[in-house]
Amino acid sequence: MNVIDKSRRRANPWRSRLDTRTTAVIVSATGAVPLLAIALVSPTFLRPNALPILIVVLTFTAVTVLFAAKVGRLSERQFAVLGLGGMIGVAISAYLIADSSGTRAVTSMLAIVPAIAASSSPPRVTARLSAASVVMVTALSVVSVGSSGWAVTAVAIGAAATTVLVPVALIGGLRRTLSSVNEKLQRLADTDPLTGLVNRRGLLSNAQVLVQEACERREPLSALVIDVDYFKTVNDTAGHTAGDRTLAAVADTLACAVHAAVGKNAVVARTGGEEFLILAPHRDGHELTERILDRVRSDCTVTVSIGTVTLDVRPTAPGEPALPTANVSSRESGGLDHVLDAVIRAADAALYRAKADGRDRAFHAGTLTITWSGSPRSGQMRTNRPKLPTSRHAADGTR
């Protein structure tokens, strides 16, 4: 957090504590307060003997405001209870007004809580509060204009119900639109535009799920770093447009091969340039690597080399520190991104070996043992792999 954000929080601590919904509940709950002031100035404003009831309503309002201010962020249950209680208080306050026009004016306040619910609460909460609000405005409409005949009463009920339901529908529709836009933006942020595979950002979010599932099931994972052979030659001889088409074709082939071998429960990512990373449930033998090599040979105009590593994911032992410090050469500690970096380094070294052995083949780097606590920010890794060269670029500059 920068200095400006800290100064803003110090200058306005309430804003940092209260979310939008809780703030709206506090503001709407105070709507009945002016009625007391008006009643004190003009005793005929309320029905006879209505003042004690209004004081009870205002007492509940004060409790609501103080509770919401103390909690700061209301849970769904708290919001539903306080919202319904506030609506009942508004309805009672409207009924206590002697003038029917005043009753109808205050009745419109019953639209506030359902509108707040439509902006951030689950649909079932919004539906229940909206239904309760419609029942209350219907009853108040009958009380205020019932003596004018059924036609006027029906119009009053329709107008009052519309006052409640239209804002709920509009806000709910806007919320769904914003959610859809945010989902699309999230997909764009997590996706490589050239190949359609996930990028580094998308890899992290998807890898979190795979590592957690592997830890819970006590099943290993396979990590594969894949590099297109002689890709620089493709760009130099055929041009970068042809190179882009080649990468797109390889990406599609990798995705098809991986999904055919292990199903949809795998991550295929483009990690940069002509390099890809696959994280998938482990299969015995070389089924996945051989399937990938064969598919690329048959479906693409290039070949690939593969470096693989097996991940043995184990839960963190009770009392074991989540973020230990140790020599980086034998243990990696930190968040999921650091663990993935170490996995990629190990598989990358195996990839160099595959390049050095003639390309269009795979080499296995051994097993990495990951102790996992279930948090994307914590985890550690013990490596147990053969000593391999550290850079595949030493073979030659053409990959």
# chains A, B, ... in the order shown; residues from 1 in each chain; ligands from 1
call {"tool": "residues_around", "arguments": {"residues": "stretch 81-87 of chain A", "least_positions_apart": "2", "cutoff": "7 Å", "atoms": "only C-alpha atoms", "output": "PyMOL selection string"}}
result
chain A and resi 29+64+77-79+89-91+110+113+129
call {"tool": "write_last_selection", "arguments": {"atoms": "N, CA, C and O atoms", "output": "PDB file, in the first residue's frame"}}
result
ATOM      1  N   ALA A  29     -31.539   3.064   6.768  1.00  0.00           N
ATOM      2  CA  ALA A  29     -32.160   2.848   8.077  1.00  0.00           C
ATOM      3  C   ALA A  29     -32.480   4.154   8.783  1.00  0.00           C
ATOM      4  O   ALA A  29     -33.380   4.219   9.626  1.00  0.00           O
ATOM      5  N   THR A  64     -29.761  -0.997  14.600  1.00  0.00           N
ATOM      6  CA  THR A  64     -29.304  -1.422  13.275  1.00  0.00           C
ATOM      7  C   THR A  64     -28.071  -0.641  12.840  1.00  0.00           C
ATOM      8  O   THR A  64     -27.081  -1.210  12.369  1.00  0.00           O
ATOM      9  N   ARG A  77     -26.635 -13.262   5.992  1.00  0.00           N
ATOM     10  CA  ARG A  77     -27.691 -13.447   6.988  1.00  0.00           C
ATOM     11  C   ARG A  77     -27.949 -12.144   7.752  1.00  0.00           C
ATOM     12  O   ARG A  77     -29.104 -11.767   7.983  1.00  0.00           O
ATOM     13  N   GLN A  78     -26.880 -11.470   8.153  1.00  0.00           N
ATOM     14  CA  GLN A  78     -27.048 -10.205   8.875  1.00  0.00           C
ATOM     15  C   GLN A  78     -27.763  -9.166   8.014  1.00  0.00           C
ATOM     16  O   GLN A  78     -28.652  -8.452   8.479  1.00  0.00           O
ATOM     17  N   PHE A  79     -27.368  -9.095   6.741  1.00  0.00           N
ATOM     18  CA  PHE A  79     -28.013  -8.135   5.850  1.00  0.00           C
ATOM     19  C   PHE A  79     -29.496  -8.462   5.676  1.00  0.00           C
ATOM     20  O   PHE A  79     -30.351  -7.572   5.686  1.00  0.00           O
ATOM     21  N   GLY A  89     -39.827  -1.613   9.719  1.00  0.00           N
ATOM     22  CA  GLY A  89     -39.857  -0.323  10.384  1.00  0.00           C
ATOM     23  C   GLY A  89     -40.355   0.784   9.474  1.00  0.00           C
ATOM     24  O   GLY A  89     -41.141   1.652   9.900  1.00  0.00           O
ATOM     25  N   VAL A  90     -39.940   0.785   8.221  1.00  0.00           N
ATOM     26  CA  VAL A  90     -40.420   1.786   7.261  1.00  0.00           C
ATOM     27  C   VAL A  90     -41.924   1.636   7.040  1.00  0.00           C
ATOM     28  O   VAL A  90     -42.671   2.624   6.981  1.00  0.00           O
ATOM     29  N   ALA A  91     -42.373   0.370   6.904  1.00  0.00           N
ATOM     30  CA  ALA A  91     -43.797   0.136   6.683  1.00  0.00           C
ATOM     31  C   ALA A  91     -44.630   0.623   7.869  1.00  0.00           C
ATOM     32  O   ALA A  91     -45.690   1.252   7.695  1.00  0.00           O
ATOM     33  N   LEU A 110     -39.547   1.612   0.663  1.00  0.00           N
ATOM     34  CA  LEU A 110     -39.456   0.152   0.738  1.00  0.00           C
ATOM     35  C   LEU A 110     -38.727  -0.442  -0.467  1.00  0.00           C
ATOM     36  O   LEU A 110     -38.413  -1.634  -0.482  1.00  0.00           O
ATOM     37  N   VAL A 113     -34.092  -1.368   0.162  1.00  0.00           N
ATOM     38  CA  VAL A 113     -33.413  -2.592   0.578  1.00  0.00           C
ATOM     39  C   VAL A 113     -33.370  -3.635  -0.540  1.00  0.00           C
ATOM     40  O   VAL A 113     -32.310  -4.225  -0.797  1.00  0.00           O
ATOM     41  N   LEU A 129     -36.530 -10.597  -0.279  1.00  0.00           N
ATOM     42  CA  LEU A 129     -36.721  -9.226   0.178  1.00  0.00           C
ATOM     43  C   LEU A 129     -37.645  -8.453  -0.758  1.00  0.00           C
ATOM     44  O   LEU A 129     -38.458  -7.639  -0.307  1.00  0.00           O
TER      45      LEU A 129
END
call {"tool": "residues_around", "arguments": {"residues": "stretch 44-46 of chain A", "least_positions_apart": "2", "cutoff": "8 Å", "atoms": "only C-alpha atoms", "output": "CSV table (one decimal) with C-alpha atoms, in the first residue's frame"}}
result
chain,number,residue,atom,x,y,z
A,38,ILE,CA,-41.8,16.3,12.1
A,39,ALA,CA,-44.1,14.6,14.7
A,42,SER,CA,-46.6,18.9,14.1
A,48,PRO,CA,-53.3,9.2,17.6
A,50,ALA,CA,-48.5,6.7,17.3
A,51,LEU,CA,-45.5,8.4,19.0
A,96,LEU,CA,-48.4,5.8,11.4
A,97,ILE,CA,-48.6,8.9,9.2
A,98,ALA,CA,-52.1,10.4,9.3
A,99,ASP,CA,-52.1,11.8,5.8
call {"tool": "select_by_dssp", "arguments": {"residues": "stretch 62-198 of chain A", "states": "alpha helix (DSSP H)", "output": "ChimeraX atom specification"}}
result
/A:62-71,76-96,100-107,112-120,123-145,150-190
call {"tool": "residues_around", "arguments": {"residues": "A:Leu194", "least_positions_apart": "5", "cutoff": "10 Å", "atoms": "only C-alpha atoms", "output": "CSV table (one decimal) with N, CA and C atoms, in the first residue's frame"}}
result
chain,number,residue,atom,x,y,z
A,244,ASP,N,4.2,-17.5,-36.6
A,244,ASP,CA,3.0,-17.5,-35.7
A,244,ASP,C,2.0,-18.6,-36.0
A,245,ARG,N,1.8,-18.9,-37.3
A,245,ARG,CA,0.9,-20.0,-37.7
A,245,ARG,C,1.5,-21.3,-37.2
A,247,LEU,N,3.3,-21.7,-34.4
A,247,LEU,CA,3.1,-21.8,-33.0
A,247,LEU,C,1.6,-22.1,-32.7
A,248,ALA,N,0.7,-21.5,-33.4
A,248,ALA,CA,-0.7,-21.8,-33.2
A,248,ALA,C,-1.1,-23.2,-33.5
A,251,ALA,N,0.4,-25.4,-30.7
A,251,ALA,CA,-0.5,-25.2,-29.5
A,251,ALA,C,-1.7,-26.0,-29.6
A,270,ARG,N,1.2,-21.4,-22.7
A,270,ARG,CA,2.4,-20.9,-23.5
A,270,ARG,C,3.1,-20.0,-22.5
call {"tool": "residues_around", "arguments": {"residues": "A:Leu224", "least_positions_apart": "3", "cutoff": "8 Å", "atoms": "only C-alpha atoms", "output": "count of residues only"}}
result
8
call {"tool": "closest_residue", "arguments": {"among": "A:Gly72, A:Pro193, A:Ile112, A:Thr177", "to": "A:Leu165", "atoms": "only C-alpha atoms"}}
result
A:Ile112
call {"tool": "atom_distance", "arguments": {"atom1": "atom CA of A:Ser373", "atom2": "atom CA of A:Thr316"}}
result
5.1 Å
call {"tool": "residues_around", "arguments": {"residues": "A:Ser144", "least_positions_apart": "6", "cutoff": "8 Å", "atoms": "only C-alpha atoms", "output": "PyMOL selection string"}}
result
chain A and resi 100-101+103-104
call {"tool": "write_last_selection", "arguments": {"atoms": "N, CA, C and O atoms", "output": "tab-separated table (two decimals), in the first residue's frame"}}
result
chain	number	residue	atom	x	y	z
A	100	SER	N	-52.72	10.30	3.98
A	100	SER	CA	-52.49	9.20	3.05
A	100	SER	C	-51.40	9.53	2.03
A	100	SER	O	-50.67	8.64	1.59
A	101	SER	N	-51.29	10.80	1.64
A	101	SER	CA	-50.23	11.16	0.69
A	101	SER	C	-48.85	10.99	1.32
A	101	SER	O	-47.89	10.58	0.65
A	103	THR	N	-48.21	8.77	3.62
A	103	THR	CA	-48.02	7.32	3.67
A	103	THR	C	-47.47	6.80	2.36
A	103	THR	O	-46.53	6.00	2.32
A	104	ARG	N	-48.04	7.26	1.23
A	104	ARG	CA	-47.57	6.80	-0.07
A	104	ARG	C	-46.13	7.26	-0.34
A	104	ARG	O	-45.35	6.53	-0.94
call {"tool": "atom_distance", "arguments": {"atom1": "atom CA of A:Ala257", "atom2": "atom CA of A:Asp337"}}
result
25.8 Å
